[in-house]
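Just below is one structure, and these are the notes that go with it.
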Amino acid sequence: MDLNSLTIRPITGRDELSLYSRLPYLLNEELADDLAQGRRRPEWMWVALLGDRLVARAAWWSRPGDAAPHLLDILDVDDGLPDASARVEIGVRLLHAALPAVVPNGSPLPESSRLVPPDWRDSAVTRRAIEDRMTILERTGATLFVERLRLEWRRGSPLPEPGGRLAFRPPHEDHELLPLMTRVLDGTLDAHSRHDLTRMSAGATAARHYEDELARYASPKDWWRVAVLPDAEPVGFVIPAHNGYNAIIAYLAVLPQHRGRGYIDDILAEGTRVLARQDVPRVRASTDLGNVPMANAFRRAGYVNFGREINMTWA
């Protein structure tokens, strides 16, 4: 295989989506709408070609209006290429060419995300394909950050009735939610939050999470719920939302002094009920593989583990 004839470039626009989609991945069906909504740009979608054969591709994603990409969420090579070292080399060359053009000079490299089956390690073929992509990222300096469970509650699944221990109400705007978000960071098992806490205060971590994600959902804030005891003391909160693709449980937490009493089940059930009343076909959520208490809460609430996500980062 003559890699000297490799052509690496961004796509020209929507007219090349059929070329770009020649390699299979579950995000292919979202590409056209992502371009239309401004979540992707042609200059953030790169291909590697041998003649007219697509042998690798990469794409970055952002929230609409962002000047810089937020996530490297597509990295594929042609798994039909017989030479494993050539597959990896093509992917490395693609990223080395694309990264300087996509990421503003001096900016941190966006995290990478790969959506994989829940049992991806059990199939030799699937495992090889995923590990090839991880090797490409490692060859450019990335390391594994966290593996996450992708969870889903499906319409028609049972939902428990309110237990009566807690009452629920919308938060009193940002002045209540931000302090609660700050307090729940004490003892958090979430890898992203723990990493942020090594670089900034709990208050700054909560504010960044709120401003960069929660405040930007277009779904109504009156879906959000604070859980309170009969004396009105807050116990925790849940943020049901819609991210433009699916209804989601965007954030779920119990305050440190109230953990270990099963309140997480009541709060998650309330968040799921809020979204179920919108007649959505599914409610999605995710949590770190190592956050066993949270994963167990979703399991008890009837959520199924339909996939995983592998996040890698650059220092």
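The chains in the structure tokens are called A, B, ... from first to last as shown; in each chain the residues are counted from 1, and the ligands are counted from 1 in the order shown.
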Set the distance at 12 Å and use only C-alpha atoms: which residues neighbour Ser85 in chain A once local chain neighbours fewer than 3 positions away are removed? I'd like the list as JSON, numbers by chain. {"A": [1, 3, 77, 79, 81, 82, 88, 89, 90, 91, 92, 132, 133, 135, 136, 139]}
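Ranking A:Arg14, A:His209, A:Pro118, A:Asp288 by their shortest atom-to-atom distance to Asn305 in chain A, with only C-alpha atoms included, puts A:Pro118 first.
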Strand (DSSP E) call set, DSSP backbone run, range 4-237 of chain A, as a count of residues only: 57
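Neighbouring residues of range 49-53 of chain A at 6 Å or closer, counting only C-alpha atoms and skipping chain neighbours under 2 positions away, are Leu6, Thr7 and Val55 of chain A.
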Atoms kept (C-alpha atoms) for selection, written as a PDB file, in the first residue's frame:
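Contents of part.pdb, as written:
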ATOM      1  CA  LEU A   6      -2.656   9.544   0.420  1.00  0.00           C
ATOM      2  CA  THR A   7      -4.789  12.681   0.073  1.00  0.00           C
ATOM      3  CA  VAL A  55      -9.679   5.090   4.103  1.00  0.00           C
TER       4      VAL A  55
END
Here is a test: counting only C-alpha atoms, which residue of A:Arg282, A:Arg194, A:Arg273, A:Arg148 is nearest to Ala295 in chain A? A:Arg148
Enumerate as a VMD selection string all residues of range 45-154 of chain A assigned to helix (DSSP H, G or I) by DSSP on the backbone, naming them with the chain letters and numbers the document uses. chain A and resid 84 to 102 124 to 139
So, counting only C-alpha atoms, which residue among A:Val292, A:Ala297, A:Leu27, A:Ala58 is closest to Leu189 in chain A? A:Val292
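The gap separating CA of Arg150 in chain A from CA of Trp120 in chain A is 13.0 Å, in Å to one decimal.
Distance annotation: of A:Ala269, A:Ala124, A:Ala232, A:Met200, the residue with the minimal separation from Pro158 in chain A is A:Ala269; atom set is only C-alpha atoms.
Distances here use only C-alpha atoms; by that measure, the residue among A:Ala241, A:Ala167, A:Ala59, A:Val274 closest to Ala227 in chain A is A:Ala167.
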Contact residues around Ser219 in chain A with only C-alpha atoms at 10 Å, ignoring same-chain residues under 2 positions, as a list in words: Leu214, Ala215, Arg216, Tyr217, Lys221, Asp222, Trp223, Trp224, Pro240, Ala241, His242, Asn243, Gly244 and Ala247 of chain A
Take the residues that were just selected and, keeping N, CA, C and O atoms, output them as a tab-separated table (two decimals), in the first residue's frame.
chain	number	residue	atom	x	y	z
A	214	LEU	N	-25.55	23.27	31.10
A	214	LEU	CA	-26.94	23.29	31.55
A	214	LEU	C	-27.69	24.52	31.05
A	214	LEU	O	-28.84	24.41	30.59
A	215	ALA	N	-27.08	25.69	31.13
A	215	ALA	CA	-27.76	26.92	30.73
A	215	ALA	C	-28.03	26.98	29.24
A	215	ALA	O	-28.84	27.79	28.78
A	216	ARG	N	-27.37	26.11	28.47
A	216	ARG	CA	-27.48	26.19	27.02
A	216	ARG	C	-28.52	25.25	26.42
A	216	ARG	O	-28.76	25.28	25.22
A	217	TYR	N	-29.12	24.42	27.26
A	217	TYR	CA	-30.19	23.57	26.73
A	217	TYR	C	-31.40	24.43	26.39
A	217	TYR	O	-31.79	25.31	27.18
A	221	LYS	N	-36.54	25.33	31.56
A	221	LYS	CA	-35.93	25.19	32.88
A	221	LYS	C	-36.96	24.79	33.93
A	221	LYS	O	-36.58	24.32	35.01
A	222	ASP	N	-38.24	24.95	33.61
A	222	ASP	CA	-39.23	24.53	34.61
A	222	ASP	C	-39.37	23.00	34.66
A	222	ASP	O	-40.15	22.48	35.46
A	223	TRP	N	-38.62	22.28	33.83
A	223	TRP	CA	-38.50	20.83	34.00
A	223	TRP	C	-37.58	20.49	35.17
A	223	TRP	O	-37.66	19.40	35.73
A	224	TRP	N	-36.66	21.37	35.51
A	224	TRP	CA	-35.66	21.09	36.53
A	224	TRP	C	-36.33	20.95	37.90
A	224	TRP	O	-37.33	21.61	38.18
A	240	PRO	N	-33.68	17.36	34.17
A	240	PRO	CA	-34.18	16.75	32.93
A	240	PRO	C	-34.08	17.80	31.82
A	240	PRO	O	-34.35	18.99	32.03
A	241	ALA	N	-33.68	17.37	30.63
A	241	ALA	CA	-33.47	18.32	29.54
A	241	ALA	C	-33.60	17.60	28.21
A	241	ALA	O	-33.84	16.38	28.15
A	242	HIS	N	-33.48	18.38	27.13
A	242	HIS	CA	-33.39	17.82	25.78
A	242	HIS	C	-32.17	18.43	25.13
A	242	HIS	O	-32.01	19.65	25.10
A	243	ASN	N	-31.27	17.59	24.63
A	243	ASN	CA	-29.99	18.09	24.12
A	243	ASN	C	-29.97	18.31	22.60
A	243	ASN	O	-28.91	18.48	22.01
A	244	GLY	N	-31.15	18.30	21.99
A	244	GLY	CA	-31.23	18.45	20.55
A	244	GLY	C	-31.28	17.12	19.81
A	244	GLY	O	-31.62	17.08	18.63
A	247	ALA	N	-34.22	13.32	24.84
A	247	ALA	CA	-34.47	13.71	26.22
A	247	ALA	C	-33.41	13.05	27.09
A	247	ALA	O	-33.06	11.88	26.88
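Compared by their closest atoms to Leu72 in chain A, and using only C-alpha atoms, the residues A:Leu151, A:Val102, A:Leu177, A:Ile239 rank with A:Val102 nearest.
If you count only C-alpha atoms and ignore residues fewer than 5 places along the chain from Thr143 in chain A, what sits within 6 Å of it is Glu138, Met312 and Thr313 of chain A.
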Now that the selection is made, can you save its residues with all heavy atoms as a JSON list (two decimals), in the first residue's frame?
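Wrote out-v2.json, looks like this:
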[["chain", "number", "residue", "atom", "x", "y", "z"],
["A", 138, "GLU", "N", -3.52, 7.51, 20.80],
["A", 138, "GLU", "CA", -2.34, 7.42, 21.67],
["A", 138, "GLU", "C", -1.08, 7.85, 20.92],
["A", 138, "GLU", "O", -0.20, 8.51, 21.51],
["A", 138, "GLU", "CB", -2.19, 5.99, 22.20],
["A", 138, "GLU", "CG", -3.25, 5.62, 23.22],
["A", 138, "GLU", "CD", -3.30, 4.12, 23.50],
["A", 138, "GLU", "OE1", -2.61, 3.36, 22.78],
["A", 138, "GLU", "OE2", -4.03, 3.72, 24.42],
["A", 312, "MET", "N", -10.98, 10.01, 25.65],
["A", 312, "MET", "CA", -9.53, 10.14, 25.73],
["A", 312, "MET", "C", -9.19, 11.63, 25.67],
["A", 312, "MET", "O", -9.91, 12.42, 25.07],
["A", 312, "MET", "CB", -8.85, 9.36, 24.61],
["A", 312, "MET", "CG", -9.13, 7.86, 24.68],
["A", 312, "MET", "SD", -8.30, 6.87, 23.41],
["A", 312, "MET", "CE", -6.57, 7.02, 23.90],
["A", 313, "THR", "N", -8.09, 11.98, 26.31],
["A", 313, "THR", "CA", -7.70, 13.38, 26.39],
["A", 313, "THR", "C", -6.21, 13.54, 26.14],
["A", 313, "THR", "O", -5.42, 12.59, 26.30],
["A", 313, "THR", "CB", -8.03, 13.99, 27.77],
["A", 313, "THR", "OG1", -7.38, 13.21, 28.79],
["A", 313, "THR", "CG2", -9.52, 14.00, 28.03]]
Long-range neighbours of Leu178 in chain A as a PyMOL selection string, 9 Å cut-off, only C-alpha atoms, 5 positions minimum in chain: chain A and resi 173+183+203+206-207+210
Just to be explicit: take each residue in the selection above, keep C-alpha atoms, and write the result as a compact mmCIF listing (two decimals), in the first residue's frame.
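What landed in part-v3.txt:
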# COMPACT_ATOMS: atom_id res chain seq x y z
CA GLU A 173 -33.20 30.42 39.41
CA ARG A 183 -22.00 21.40 47.43
CA GLY A 203 -17.57 27.07 42.87
CA ALA A 206 -19.98 24.30 39.18
CA ALA A 207 -20.25 27.65 37.38
CA TYR A 210 -23.71 25.38 34.45
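Distance-wise, CA of Tyr25 in chain A and CA of Leu275 in chain A end up 27.8 Å apart.
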Which residues are near Ser62 in chain A? Cut-off 7 Å, only C-alpha atoms, ignore same chain within fewer than 4 positions. Put them as a PyMOL selection string. chain A and resi 39-40+66+69-71
